[in-house]
Each structure stands twice: as C-alpha cells, then as structure tokens.
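J.: So here's entry.csv, just CSV, C-alpha atoms and all ligand atoms:
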```csv
chain,number,residue,atom,x,y,z
D,1324,MET,CA,11.1,28.9,-26.0
D,1325,ALA,CA,11.3,31.9,-23.7
D,1326,ILE,CA,12.7,31.0,-20.3
D,1327,PRO,CA,12.6,33.3,-17.3
D,1328,PRO,CA,15.6,35.4,-16.5
D,1329,SER,CA,18.4,33.6,-14.7
D,1330,TRP,CA,17.9,35.4,-11.4
D,1331,ILE,CA,14.3,34.2,-11.3
D,1332,VAL,CA,15.4,30.7,-12.0
D,1333,GLN,CA,18.1,30.7,-9.3
D,1334,THR,CA,16.0,32.4,-6.7
D,1335,GLY,CA,13.0,30.1,-7.4
D,1336,ARG,CA,15.2,27.0,-7.4
D,1337,SER,CA,16.9,27.8,-4.1
D,1338,ILE,CA,13.6,28.6,-2.3
D,1339,TRP,CA,11.8,25.7,-3.8
D,1340,THR,CA,14.6,23.2,-3.1
D,1341,ASN,CA,14.7,24.2,0.5
D,1342,ILE,CA,10.9,24.0,0.9
D,1343,TRP,CA,10.9,20.7,-1.0
D,1344,HIS,CA,13.4,19.1,1.4
D,1345,LEU,CA,11.5,20.4,4.4
D,1346,MET,CA,8.2,19.0,3.2
D,1347,MET,CA,9.7,15.7,2.1
D,1348,SER,CA,11.3,15.3,5.5
D,1349,GLN,CA,7.8,15.5,7.0
D,1350,LEU,CA,6.2,13.3,4.4
D,1351,ALA,CA,8.9,10.7,4.2
D,1352,PRO,CA,11.6,10.9,6.9
D,1353,PRO,CA,15.1,10.2,5.4
D,1354,ASN,CA,18.3,8.9,6.9
D,1355,ASP,CA,21.5,10.9,6.6
D,1356,ARG,CA,22.0,9.5,3.0
D,1357,GLY,CA,18.7,10.8,1.9
D,1358,GLU,CA,17.2,7.4,1.8
D,1359,TYR,CA,13.5,7.0,2.8
D,1360,GLN,CA,13.0,5.2,6.1
D,1361,ARG,CA,9.5,3.9,6.5
D,1362,PRO,CA,8.5,4.1,10.2
D,1363,GLN,CA,7.5,0.9,12.0
D,1364,SER,CA,3.8,0.3,12.6
D,1365,GLU,CA,3.1,0.6,16.3
D,1366,PHE,CA,0.0,-1.4,17.0
D,1367,ARG,CA,0.8,-5.1,16.7
D,1368,HIS,CA,-1.9,-7.1,18.6
D,1369,ARG,CA,-3.3,-10.4,17.3
D,1370,ILE,CA,-6.7,-11.9,17.5
D,1371,ASP,CA,-5.5,-14.3,20.3
D,1372,GLY,CA,-8.7,-15.2,22.1
D,1373,ASN,CA,-7.8,-13.1,25.1
D,1374,LYS,CA,-8.4,-9.4,24.9
D,1375,TYR,CA,-9.3,-9.8,21.2
D,1376,ALA,CA,-11.5,-12.8,20.4
D,1377,ALA,CA,-12.6,-13.7,16.8
D,1378,GLN,CA,-16.2,-12.6,16.6
D,1379,PRO,CA,-18.3,-11.5,13.7
D,1380,HIS,CA,-19.3,-7.8,13.4
D,1381,ARG,CA,-16.8,-6.8,16.2
D,1382,TYR,CA,-13.9,-5.5,14.2
D,1383,ARG,CA,-13.7,-2.8,11.6
D,1384,LEU,CA,-11.1,-2.2,9.0
D,1385,TYR,CA,-10.2,1.4,8.1
D,1386,VAL,CA,-8.9,1.6,4.6
D,1387,GLY,CA,-8.3,4.2,1.8
D,1388,TRP,CA,-8.8,3.1,-1.8
D,1389,SER,CA,-5.4,4.5,-2.9
D,1390,CYS,CA,-3.2,2.9,-0.4
D,1391,PRO,CA,-1.4,-0.3,-1.5
D,1392,TRP,CA,-0.9,-1.5,2.1
D,1393,ALA,CA,-4.7,-1.1,2.8
D,1394,HIS,CA,-5.5,-2.7,-0.5
D,1395,ARG,CA,-3.8,-6.0,0.6
D,1396,THR,CA,-6.3,-6.3,3.4
D,1397,LEU,CA,-9.3,-5.6,1.1
D,1398,VAL,CA,-8.1,-8.3,-1.3
D,1399,VAL,CA,-7.7,-10.9,1.5
D,1400,ARG,CA,-11.0,-9.9,3.0
D,1401,THR,CA,-12.7,-10.5,-0.4
D,1402,LEU,CA,-10.9,-13.7,-1.2
D,1403,LYS,CA,-11.8,-15.2,2.2
D,1404,GLY,CA,-15.4,-14.0,2.0
D,1405,LEU,CA,-15.2,-11.9,5.1
D,1406,GLU,CA,-17.4,-9.0,3.9
D,1407,GLU,CA,-20.2,-9.9,6.3
D,1408,THR,CA,-17.9,-10.4,9.2
D,1409,ILE,CA,-15.6,-7.4,9.1
D,1410,GLU,CA,-17.0,-4.1,8.1
D,1411,ILE,CA,-14.8,-1.6,6.2
D,1412,VAL,CA,-14.7,2.1,6.7
D,1413,LEU,CA,-13.4,4.0,3.7
D,1414,VAL,CA,-11.4,7.1,4.7
D,1415,ASN,CA,-10.6,9.9,2.4
D,1416,GLY,CA,-7.3,11.5,1.6
D,1417,ASP,CA,-7.2,15.1,2.6
D,1418,ALA,CA,-4.9,17.1,0.3
D,1419,ASN,CA,-4.7,20.2,2.5
D,1420,ALA,CA,-4.5,18.9,6.0
D,1421,GLY,CA,-2.6,15.7,5.0
D,1422,GLY,CA,-3.8,12.4,6.5
D,1423,TRP,CA,-7.2,10.8,6.3
D,1424,THR,CA,-10.7,12.0,7.1
D,1425,LEU,CA,-13.5,9.8,8.4
D,1426,PRO,CA,-16.6,9.5,6.3
D,1427,LYS,CA,-18.7,10.3,9.4
D,1428,SER,CA,-17.8,11.5,12.8
D,1429,GLU,CA,-17.1,8.8,15.4
D,1430,HIS,CA,-16.5,9.5,19.1
D,1431,ASP,CA,-16.4,13.1,18.1
D,1432,CYS,CA,-13.5,12.4,15.8
D,1433,GLN,CA,-13.5,13.7,12.2
D,1434,THR,CA,-10.1,12.4,11.2
D,1435,LEU,CA,-8.2,9.1,11.5
D,1436,ALA,CA,-5.5,10.9,13.5
D,1437,GLN,CA,-8.1,11.9,16.0
D,1438,LEU,CA,-9.4,8.4,16.3
D,1439,TYR,CA,-5.9,7.1,16.8
D,1440,ARG,CA,-5.5,9.6,19.7
D,1441,PHE,CA,-9.0,8.8,21.1
D,1442,ALA,CA,-7.9,5.2,21.4
D,1443,THR,CA,-4.4,6.0,22.6
D,1444,PRO,CA,-4.2,9.4,24.3
D,1445,GLY,CA,-0.9,11.1,23.7
D,1446,TYR,CA,-0.2,9.0,20.5
D,1447,THR,CA,2.2,10.9,18.3
D,1448,GLY,CA,3.0,8.3,15.6
D,1449,ARG,CA,1.6,8.1,12.1
D,1450,SER,CA,-2.1,7.5,11.7
D,1451,THR,CA,-2.0,5.1,8.9
D,1452,VAL,CA,-4.3,2.8,7.0
D,1453,PRO,CA,-5.0,-0.1,7.1
D,1454,MET,CA,-6.1,-0.1,10.7
D,1455,LEU,CA,-8.0,-2.9,12.4
D,1456,TRP,CA,-10.3,-1.4,15.1
D,1457,ASP,CA,-12.1,-3.2,17.9
D,1458,THR,CA,-15.6,-1.8,18.4
D,1459,HIS,CA,-15.9,-3.5,21.8
D,1460,THR,CA,-12.9,-1.9,23.5
D,1461,TYR,CA,-12.5,1.1,21.3
D,1462,SER,CA,-8.9,0.2,20.7
D,1463,ILE,CA,-6.6,-0.4,17.8
D,1464,VAL,CA,-5.8,-4.1,17.3
D,1465,ASN,CA,-3.2,-3.8,14.6
D,1466,ASN,CA,-2.1,-1.2,12.0
D,1467,GLU,CA,0.5,-3.3,10.1
D,1468,SER,CA,-0.9,-4.6,6.8
D,1469,ALA,CA,1.5,-7.6,6.8
D,1470,GLU,CA,0.0,-8.8,10.0
D,1471,ILE,CA,-3.6,-7.8,9.3
D,1472,ILE,CA,-3.6,-10.1,6.2
D,1473,GLU,CA,-2.3,-13.0,8.3
D,1474,ILE,CA,-5.1,-12.4,10.8
D,1475,LEU,CA,-7.7,-12.3,8.1
D,1476,ASN,CA,-6.3,-15.4,6.5
D,1477,ALA,CA,-6.3,-17.5,9.7
D,1478,GLU,CA,-8.4,-16.2,12.5
D,1479,PHE,CA,-11.9,-15.8,11.2
D,1480,ASN,CA,-12.4,-19.1,9.3
D,1481,GLU,CA,-15.4,-19.9,11.4
D,1482,TYR,CA,-17.2,-17.0,9.8
D,1483,ALA,CA,-15.5,-16.9,6.4
D,1484,GLN,CA,-17.3,-17.9,3.2
D,1485,HIS,CA,-14.1,-19.5,2.0
D,1486,PRO,CA,-12.4,-21.0,5.1
D,1487,GLU,CA,-10.8,-23.6,2.8
D,1488,LEU,CA,-8.7,-21.0,1.1
D,1489,ASP,CA,-5.4,-20.9,3.0
D,1490,LEU,CA,-3.1,-18.1,1.7
D,1491,ALA,CA,-0.2,-19.2,3.9
D,1492,PRO,CA,-0.1,-23.0,4.0
D,1493,ILE,CA,2.4,-24.3,6.5
D,1494,ASP,CA,4.7,-25.9,4.0
D,1495,LEU,CA,5.0,-22.7,2.1
D,1496,GLN,CA,5.7,-20.4,5.0
D,1497,ASP,CA,9.4,-20.3,4.6
D,1498,ALA,CA,9.1,-19.5,0.9
D,1499,ILE,CA,6.5,-16.9,1.6
D,1500,ALA,CA,8.7,-15.2,4.3
D,1501,GLN,CA,11.6,-15.1,1.9
D,1502,TRP,CA,9.6,-13.5,-0.9
D,1503,ASN,CA,8.0,-11.1,1.6
D,1504,ASP,CA,11.5,-9.8,2.6
D,1505,THR,CA,12.7,-9.3,-0.9
D,1506,ILE,CA,9.5,-7.8,-2.1
D,1507,TYR,CA,9.0,-5.5,0.8
D,1508,GLN,CA,12.5,-4.0,0.5
D,1509,THR,CA,12.8,-3.8,-3.2
D,1510,VAL,CA,9.2,-3.5,-4.6
D,1511,ASN,CA,6.5,-2.6,-2.0
D,1512,ASN,CA,8.7,-0.1,-0.2
D,1513,GLY,CA,11.1,-0.1,-3.1
D,1514,VAL,CA,8.8,2.1,-5.2
D,1515,TYR,CA,8.5,4.5,-2.3
D,1516,ARG,CA,12.3,4.5,-1.8
D,1517,CYS,CA,12.5,5.7,-5.4
D,1518,GLY,CA,9.8,8.3,-5.2
D,1519,PHE,CA,10.7,9.6,-1.7
D,1520,ALA,CA,14.5,9.6,-2.2
D,1521,GLN,CA,16.1,12.9,-1.3
D,1522,THR,CA,19.5,12.2,-3.0
D,1523,GLN,CA,20.4,11.0,-6.4
D,1524,ALA,CA,22.4,8.0,-4.9
D,1525,ALA,CA,19.4,6.9,-2.8
D,1526,TYR,CA,17.1,7.0,-5.9
D,1527,ASP,CA,19.6,5.2,-8.1
D,1528,MET,CA,20.1,2.4,-5.6
D,1529,ALA,CA,16.4,1.9,-5.0
D,1530,HIS,CA,15.7,2.0,-8.8
D,1531,THR,CA,18.3,-0.6,-9.6
D,1532,GLU,CA,17.1,-3.0,-6.8
D,1533,LEU,CA,13.5,-2.6,-7.9
D,1534,PHE,CA,14.0,-3.5,-11.5
D,1535,ALA,CA,16.4,-6.4,-10.6
D,1536,THR,CA,13.5,-8.0,-8.6
D,1537,LEU,CA,10.9,-7.3,-11.3
D,1538,ASP,CA,13.2,-8.8,-13.9
D,1539,ARG,CA,13.7,-11.9,-11.7
D,1540,ILE,CA,10.0,-12.4,-11.0
D,1541,ASN,CA,9.1,-11.9,-14.6
D,1542,GLU,CA,11.5,-14.7,-15.5
D,1543,LEU,CA,10.2,-17.0,-12.8
D,1544,LEU,CA,6.6,-16.5,-13.8
D,1545,ALA,CA,7.4,-18.0,-17.2
D,1546,THR,CA,7.6,-21.4,-15.5
D,1547,GLN,CA,5.1,-21.1,-12.6
D,1548,ALA,CA,1.8,-19.5,-11.8
D,1549,TYR,CA,2.7,-17.7,-8.5
D,1550,LEU,CA,5.7,-16.7,-6.5
D,1551,CYS,CA,5.7,-19.9,-4.4
D,1552,GLY,CA,4.6,-22.3,-7.2
D,1553,ASP,CA,1.0,-23.3,-8.1
D,1554,LEU,CA,-0.7,-21.7,-5.2
D,1555,LEU,CA,-1.7,-18.1,-4.6
D,1556,THR,CA,-0.2,-17.0,-1.3
D,1557,LEU,CA,-0.1,-13.8,0.8
D,1558,ALA,CA,3.2,-13.0,-0.9
D,1559,ASP,CA,1.4,-12.7,-4.2
D,1560,ILE,CA,-1.3,-10.4,-2.7
D,1561,ARG,CA,1.5,-8.2,-1.4
D,1562,LEU,CA,3.1,-8.0,-4.8
D,1563,PHE,CA,-0.2,-7.5,-6.6
D,1564,THR,CA,-1.2,-4.3,-4.9
D,1565,THR,CA,2.1,-2.6,-5.8
D,1566,LEU,CA,2.1,-3.9,-9.4
D,1567,ILE,CA,-1.4,-2.8,-10.1
D,1568,ARG,CA,-0.4,0.8,-9.3
D,1569,PHE,CA,2.8,0.6,-11.3
D,1570,ASP,CA,2.0,2.0,-14.7
D,1571,LEU,CA,-0.7,4.2,-13.2
D,1572,VAL,CA,1.4,6.0,-10.6
D,1573,TYR,CA,4.9,4.7,-9.8
D,1574,HIS,CA,6.3,4.7,-13.3
D,1575,ASN,CA,5.8,8.4,-13.6
D,1576,LEU,CA,5.3,10.0,-10.2
D,1577,PHE,CA,7.9,7.9,-8.4
D,1578,LYS,CA,10.3,7.8,-11.4
D,1579,CYS,CA,10.2,4.0,-11.5
D,1580,ASN,CA,10.8,4.4,-15.2
D,1581,ARG,CA,13.2,1.8,-16.5
D,1582,ARG,CA,10.2,-0.3,-17.7
D,1583,GLN,CA,6.5,-0.4,-17.4
D,1584,LEU,CA,4.4,-3.4,-16.5
D,1585,ARG,CA,3.4,-3.6,-20.1
D,1586,ASN,CA,7.1,-4.4,-20.9
D,1587,TYR,CA,6.9,-7.5,-18.7
D,1588,PRO,CA,4.6,-10.0,-20.3
D,1589,GLN,CA,4.6,-12.5,-17.5
D,1590,LEU,CA,4.1,-9.9,-14.8
D,1591,GLN,CA,1.3,-8.3,-16.7
D,1592,ALA,CA,-0.5,-11.6,-17.2
D,1593,TYR,CA,0.0,-12.4,-13.5
D,1594,VAL,CA,-1.5,-9.1,-12.3
D,1595,SER,CA,-4.4,-9.6,-14.7
D,1596,LYS,CA,-5.0,-13.2,-13.4
D,1597,ILE,CA,-5.2,-12.0,-9.8
D,1598,TYR,CA,-7.4,-9.0,-10.8
D,1599,GLN,CA,-9.9,-11.5,-12.3
D,1600,LEU,CA,-10.2,-13.6,-9.1
D,1601,ALA,CA,-13.5,-13.5,-7.3
D,1602,ASP,CA,-14.3,-9.8,-6.5
D,1603,VAL,CA,-10.8,-8.5,-6.5
D,1604,ALA,CA,-11.6,-6.1,-9.3
D,1605,ASP,CA,-14.1,-4.4,-7.0
D,1606,THR,CA,-11.2,-3.6,-4.6
D,1607,CYS,CA,-9.4,-1.5,-7.3
D,1608,ASN,CA,-10.5,2.1,-7.6
D,1609,PHE,CA,-8.2,3.5,-10.2
D,1610,PRO,CA,-9.6,7.1,-10.4
D,1611,THR,CA,-9.1,7.5,-6.6
D,1612,ILE,CA,-5.6,6.0,-6.8
D,1613,LEU,CA,-4.7,8.6,-9.4
D,1614,GLN,CA,-6.4,11.4,-7.5
D,1615,ASP,CA,-4.8,10.6,-4.1
D,1616,TYR,CA,-1.2,10.1,-5.3
D,1617,TYR,CA,-1.1,13.0,-7.7
D,1618,GLY,CA,-3.3,15.3,-5.8
D,1619,ASN,CA,-2.1,14.7,-2.2
D,1620,LEU,CA,1.6,14.1,-2.5
D,1621,PHE,CA,2.1,17.8,-3.1
D,1622,PRO,CA,5.9,17.9,-3.0
D,1623,LEU,CA,6.1,15.4,-5.8
D,1624,ASN,CA,3.4,17.1,-8.0
D,1625,PRO,CA,3.2,20.7,-7.0
D,1626,GLY,CA,1.2,21.7,-10.1
D,1627,GLY,CA,-1.6,19.4,-9.0
D,1628,ILE,CA,-2.5,18.1,-12.4
D,1629,ILE,CA,-4.0,14.7,-12.2
D,1630,PRO,CA,-3.1,12.5,-15.2
D,1631,GLN,CA,-5.8,10.8,-17.3
D,1632,LEU,CA,-6.4,7.1,-16.7
D,1633,PRO,CA,-4.0,5.0,-18.9
D,1634,ASP,CA,-5.2,2.1,-20.9
D,1635,LEU,CA,-5.8,-0.7,-18.5
D,1636,SER,CA,-7.5,-3.1,-20.8
D,1637,TYR,CA,-4.8,-5.7,-20.3
D,1638,LEU,CA,-6.5,-6.4,-16.9
D,1639,THR,CA,-9.4,-8.1,-18.5
D,1640,GLN,CA,-7.8,-9.2,-21.7
D,1641,LEU,CA,-4.9,-11.3,-20.3
D,1642,GLY,CA,-4.6,-13.8,-17.6
D,1643,GLY,CA,-8.0,-15.2,-16.7
G,1,LIG,N1,3.7,-0.4,7.2
G,1,LIG,C1,2.3,0.1,7.1
G,1,LIG,C2,2.3,1.3,6.2
G,1,LIG,C3,1.0,1.9,6.0
G,1,LIG,C4,1.0,3.3,5.3
G,1,LIG,O1,2.1,3.9,5.2
G,1,LIG,N2,-0.1,3.8,4.9
G,1,LIG,C5,-0.2,5.1,4.4
G,1,LIG,C6,-1.1,5.2,3.1
G,1,LIG,S1,-0.4,4.4,1.7
G,1,LIG,C7,-0.8,6.1,5.4
G,1,LIG,O2,-1.8,5.9,5.9
G,1,LIG,N3,-0.1,7.2,5.6
G,1,LIG,C8,-0.6,8.3,6.4
G,1,LIG,C9,0.5,8.9,7.2
G,1,LIG,O3,1.7,8.4,7.2
G,1,LIG,O4,0.3,9.9,7.9
G,1,LIG,C10,1.5,-1.1,6.7
G,1,LIG,O5,1.9,-1.9,5.8
G,1,LIG,O6,0.4,-1.2,7.1
```
Mind turning this structure into structure tokens?
T.:
Amino acid sequence: MAIPPSWIVQTGRSIWTNIWHLMMSQLAPPNDRGEYQRPQSEFRHRIDGNKYAAQPHRYRLYVGWSCPWAHRTLVVRTLKGLEETIEIVLVNGDANAGGWTLPKSEHDCQTLAQLYRFATPGYTGRSTVPMLWDTHTYSIVNNESAEIIEILNAEFNEYAQHPELDLAPIDLQDAIAQWNDTIYQTVNNGVYRCGFAQTQAAYDMAHTELFATLDRINELLATQAYLCGDLLTLADIRLFTTLIRFDLVYHNLFKCNRRQLRNYPQLQAYVSKIYQLADVADTCNFPTILQDYYGNLFPLNPGGIIPQLPDLSYLTQLGG
C-alpha cells in the first residue's frame, strides 16, 4: 500500500486537526476537558390556558426527520392521535449553511433560524427542532423536546383521538423522572457525548457510561416490558428514538461501537415492539436519518459518503 510522503501526512494532519477542532467547537461546544456540553433550550412556556390555550389547529410543530429529539414529539403526537390537532412542518437539513431550511417561506423567512429571530428579535441561541410554534401570536411556545412531549401527552386530550392513553401516569412519575435522568445523560445525550468528544478521555468516559446503561436496561427488559414496568411511558419514547438510530448511525459515526443493538436481544425486541405500535413506523425515515447525519455533520464525515441502509428487518420480525 503506497502511503503519501511523511511531510504530506504531517502537514495535512496538523492543518486538518486544527480545522477539525475549530469546526467541532462551533458544532458542539466543549468544556475545557473536551467533553460535549449540550446548550440548554431557551423557550420553555407551557400550554397554561393564559397566553397559550389548548386549541386545535393553533400550534405547529417544526421537526426534522433525522433528529432524535424531534422524533420523540412525532411519536407522542401519533400515539395520542393528535395529527388533526397539531400540524407538523418538516424542515430540511442544510449541509452547506448548517441548520434547517423551511419547506416554504413564512413571514419572509426561509430558514428556521430566521423564524426564531422573527419571533424573538436579537435571538442568538441555537435554532433547534423540535419547536412548538403558536400561529396566533407568532411566538415560540417551547423548544425543549422533553417538555413538548409532556405537553402533547397532557394538554390536548380534549382533541386527541386517544385521550385515554397517559404516557406519564401520576404513580409512575418518580420512576419516569429517574429513568429520564439516567437515559438523558448516558444514552440520549450519551451517544452525542461519544460522537462529539474532543479528547480521548471524554470519549472513553461517555462510551463506558453509555454501554453500562444499555447493559443494565437489556437485563431489566428480560423481566418486564417497559422501563417502568408493564406500561409504555414517556421514558420509553425518549429511549426509543435514540435506540432506533443506534446501528444506523451512532455505532459507526459516533464510535459507539462496543456492541450493536443486534447484540442486545431484549433491547432489539423492545425497539421493534414500539416500532410496531399504531403508526410509529411512519415517523421513522431511515434514508433521511442516514443522509442528514452522514451528509451534514461534515467534521465527522468529511468524505461525505453516505452508507447504505443496514438490514433493519428485525423491526418487523421481532416484538409485535
Ligand atoms: N435539548 C433539545 C435539543 C434539540 C437539538 O439539539 N436538535 C438538533 C437536531 S438533532 C438541532 O436542531 N440542531 C440545530 C442547531 O443546533 O443549530 C431538545 O431536546 O429539544
């Protein structure tokens, strides 16, 4: 195998490493140990009956197919039967400009970032999905998926096709909160802490914590159907949208490589069971997930090659 002369390798490595750190710091701000720190979401209003009342056709949910955080909201919207009540706007990942573009211009805005600034002049934070938008006041209600799914679960029951489905029953709320903490830190954000780590130590720690949690949940699911027992809860939805991307994206692109989902029989059956609920399968767009992660996270995949879809037949063959 012919390798380039050492001066080319050294020069290329030094230039590329510097640019890589620069781009990574924009994409995923690290702390001084090189660990990824996810910024807090800034819009945290609730549907409280005051400024924001629960009304059909009033709110819109901006989502991107690839985003696991947005995917949570799509799954809850589907399970509750809120398709008629809350419209979705599918935004597209823009590989060159970064960020999301709108499918059609609104208020003279072509991008989600412009819409954020239209609603909140001077806004300089991240323009993320999911984002719950109020069409009456042209304002952002909430852009934190953990809270949007609570809102969808509880606040629109009057209009939901499945008001009887409660994904956060009162007696399970402590258990749900505990799982949410563990899963957010080690799994949902844990895969990003692996993929966006800028030092070896940061990556090693995130990787160890991630697989410790997956091992633990795989064992637990041998004796119960869901995280909190027999009932599907919001904690499961939060876990599901990360796990369904695991073999597709995180295992390779984010170096979450100790095991694949296929090496965890219980986790695999669990993902497949949730995938087969109601119309959850329609919320999973695998080609776009691959395209956005591999095509848009340029510093992690500078060659831009998009992998082929792996075999996902387990999703319909297991669980059920
Ligand atoms: N904590 C937020 C995170 C949302 C988030 O990071 N979304 C990503 C897509 S997966 C995004 O829109 N990023 C655009 C950006 O940071 O500019 C939530 O759970 O809602």
J.: Region 1592-1595 of chain D: which residues within 9 Å, counting only C-alpha atoms, same-chain residues fewer than 6 positions away excluded, as a ChimeraX atom specification?
T.: /D:1544,1548-1549,1562-1564,1566-1567,1637-1643
J.: Separation of CA of Tyr1382 (chain D) and CA of Pro1492 (chain D), in Å?
T.: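 Calculated distance between CA of Tyr1382 (chain D) and CA of Pro1492 (chain D) is 24.5 Å.
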J.: Between D:Thr1401, D:Asn1480, D:Asn1419, D:Gln1333, which residue has the minimum interatomic distance to Phe1621 (chain D), considering only C-alpha atoms?
T.: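 Nearest candidate to Phe1621 (chain D) out of D:Thr1401, D:Asn1480, D:Asn1419, D:Gln1333: D:Asn1419.
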J.: Under the rule that all atoms listed in the file are counted, which of D:Glu1365, D:Glu1410, D:Glu1481, D:Asp1371 is the nearest residue to ligand LIG 1 (chain G)?
T.: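 Selected residue with least distance to ligand LIG 1 (chain G): D:Glu1365.
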J.: Check which residues fall inside 7 Å of ligand LIG 1 (chain G) when counting only C-alpha atoms and all ligand atoms, and print them as a PyMOL selection string.
T.: chain D and resi 1363-1364+1389-1393+1422+1449-1453+1466-1469
J.: Please dump the current selection as a PDB file, keeping the file's coordinate frame; keep C-alpha atoms.
T.:
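Output below, filename result.pdb:
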```pdb
ATOM      1  CA  GLN D1363       7.500   0.900  12.000  1.00  0.00           C
ATOM      2  CA  SER D1364       3.800   0.300  12.600  1.00  0.00           C
ATOM      3  CA  SER D1389      -5.400   4.500  -2.900  1.00  0.00           C
ATOM      4  CA  CYS D1390      -3.200   2.900  -0.400  1.00  0.00           C
ATOM      5  CA  PRO D1391      -1.400  -0.300  -1.500  1.00  0.00           C
ATOM      6  CA  TRP D1392      -0.900  -1.500   2.100  1.00  0.00           C
ATOM      7  CA  ALA D1393      -4.700  -1.100   2.800  1.00  0.00           C
ATOM      8  CA  GLY D1422      -3.800  12.400   6.500  1.00  0.00           C
ATOM      9  CA  ARG D1449       1.600   8.100  12.100  1.00  0.00           C
ATOM     10  CA  SER D1450      -2.100   7.500  11.700  1.00  0.00           C
ATOM     11  CA  THR D1451      -2.000   5.100   8.900  1.00  0.00           C
ATOM     12  CA  VAL D1452      -4.300   2.800   7.000  1.00  0.00           C
ATOM     13  CA  PRO D1453      -5.000  -0.100   7.100  1.00  0.00           C
ATOM     14  CA  ASN D1466      -2.100  -1.200  12.000  1.00  0.00           C
ATOM     15  CA  GLU D1467       0.500  -3.300  10.100  1.00  0.00           C
ATOM     16  CA  SER D1468      -0.900  -4.600   6.800  1.00  0.00           C
ATOM     17  CA  ALA D1469       1.500  -7.600   6.800  1.00  0.00           C
TER      18      ALA D1469
END
```
J.: Can you measure CA of Asp1489 (chain D) to CA of Ile1471 (chain D) for me? One decimal in Å is fine.
T.: 14.6 Å
J.: Rounded to one decimal in Å, what is the spacing between CA of Gly1416 (chain D) and CA of Tyr1446 (chain D)?
T.: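 Computing the Euclidean distance for CA of Gly1416 (chain D) and CA of Tyr1446 (chain D) yields 20.3 Å.
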J.: Using only C-alpha atoms - which residues lie no farther than 12 Å from the point (14.8, 1.8, -6.4) in the file's frame? Write them as a PyMOL selection string.
T.: chain D and resi 1358-1359+1506-1520+1522-1537+1573-1574+1577-1581
J.: How about saving the chosen residues, C-alpha atoms kept, as a PDB file, in the coordinates of the input?
T.:
```pdb
ATOM      1  CA  GLU D1358      17.200   7.400   1.800  1.00  0.00           C
ATOM      2  CA  TYR D1359      13.500   7.000   2.800  1.00  0.00           C
ATOM      3  CA  ILE D1506       9.500  -7.800  -2.100  1.00  0.00           C
ATOM      4  CA  TYR D1507       9.000  -5.500   0.800  1.00  0.00           C
ATOM      5  CA  GLN D1508      12.500  -4.000   0.500  1.00  0.00           C
ATOM      6  CA  THR D1509      12.800  -3.800  -3.200  1.00  0.00           C
ATOM      7  CA  VAL D1510       9.200  -3.500  -4.600  1.00  0.00           C
ATOM      8  CA  ASN D1511       6.500  -2.600  -2.000  1.00  0.00           C
ATOM      9  CA  ASN D1512       8.700  -0.100  -0.200  1.00  0.00           C
ATOM     10  CA  GLY D1513      11.100  -0.100  -3.100  1.00  0.00           C
ATOM     11  CA  VAL D1514       8.800   2.100  -5.200  1.00  0.00           C
ATOM     12  CA  TYR D1515       8.500   4.500  -2.300  1.00  0.00           C
ATOM     13  CA  ARG D1516      12.300   4.500  -1.800  1.00  0.00           C
ATOM     14  CA  CYS D1517      12.500   5.700  -5.400  1.00  0.00           C
ATOM     15  CA  GLY D1518       9.800   8.300  -5.200  1.00  0.00           C
ATOM     16  CA  PHE D1519      10.700   9.600  -1.700  1.00  0.00           C
ATOM     17  CA  ALA D1520      14.500   9.600  -2.200  1.00  0.00           C
ATOM     18  CA  THR D1522      19.500  12.200  -3.000  1.00  0.00           C
ATOM     19  CA  GLN D1523      20.400  11.000  -6.400  1.00  0.00           C
ATOM     20  CA  ALA D1524      22.400   8.000  -4.900  1.00  0.00           C
ATOM     21  CA  ALA D1525      19.400   6.900  -2.800  1.00  0.00           C
ATOM     22  CA  TYR D1526      17.100   7.000  -5.900  1.00  0.00           C
ATOM     23  CA  ASP D1527      19.600   5.200  -8.100  1.00  0.00           C
ATOM     24  CA  MET D1528      20.100   2.400  -5.600  1.00  0.00           C
ATOM     25  CA  ALA D1529      16.400   1.900  -5.000  1.00  0.00           C
ATOM     26  CA  HIS D1530      15.700   2.000  -8.800  1.00  0.00           C
ATOM     27  CA  THR D1531      18.300  -0.600  -9.600  1.00  0.00           C
ATOM     28  CA  GLU D1532      17.100  -3.000  -6.800  1.00  0.00           C
ATOM     29  CA  LEU D1533      13.500  -2.600  -7.900  1.00  0.00           C
ATOM     30  CA  PHE D1534      14.000  -3.500 -11.500  1.00  0.00           C
ATOM     31  CA  ALA D1535      16.400  -6.400 -10.600  1.00  0.00           C
ATOM     32  CA  THR D1536      13.500  -8.000  -8.600  1.00  0.00           C
ATOM     33  CA  LEU D1537      10.900  -7.300 -11.300  1.00  0.00           C
ATOM     34  CA  TYR D1573       4.900   4.700  -9.800  1.00  0.00           C
ATOM     35  CA  HIS D1574       6.300   4.700 -13.300  1.00  0.00           C
ATOM     36  CA  PHE D1577       7.900   7.900  -8.400  1.00  0.00           C
ATOM     37  CA  LYS D1578      10.300   7.800 -11.400  1.00  0.00           C
ATOM     38  CA  CYS D1579      10.200   4.000 -11.500  1.00  0.00           C
ATOM     39  CA  ASN D1580      10.800   4.400 -15.200  1.00  0.00           C
ATOM     40  CA  ARG D1581      13.200   1.800 -16.500  1.00  0.00           C
TER      41      ARG D1581
END
```
J.: I'd like to know which of D:Val1414, D:Ile1493, D:Gly1421, D:Gly1357 is closest to Gln1433 (chain D), using all atoms listed in the file.
T.: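 Checking each candidate against Gln1433 (chain D), we get D:Val1414 as the closest.
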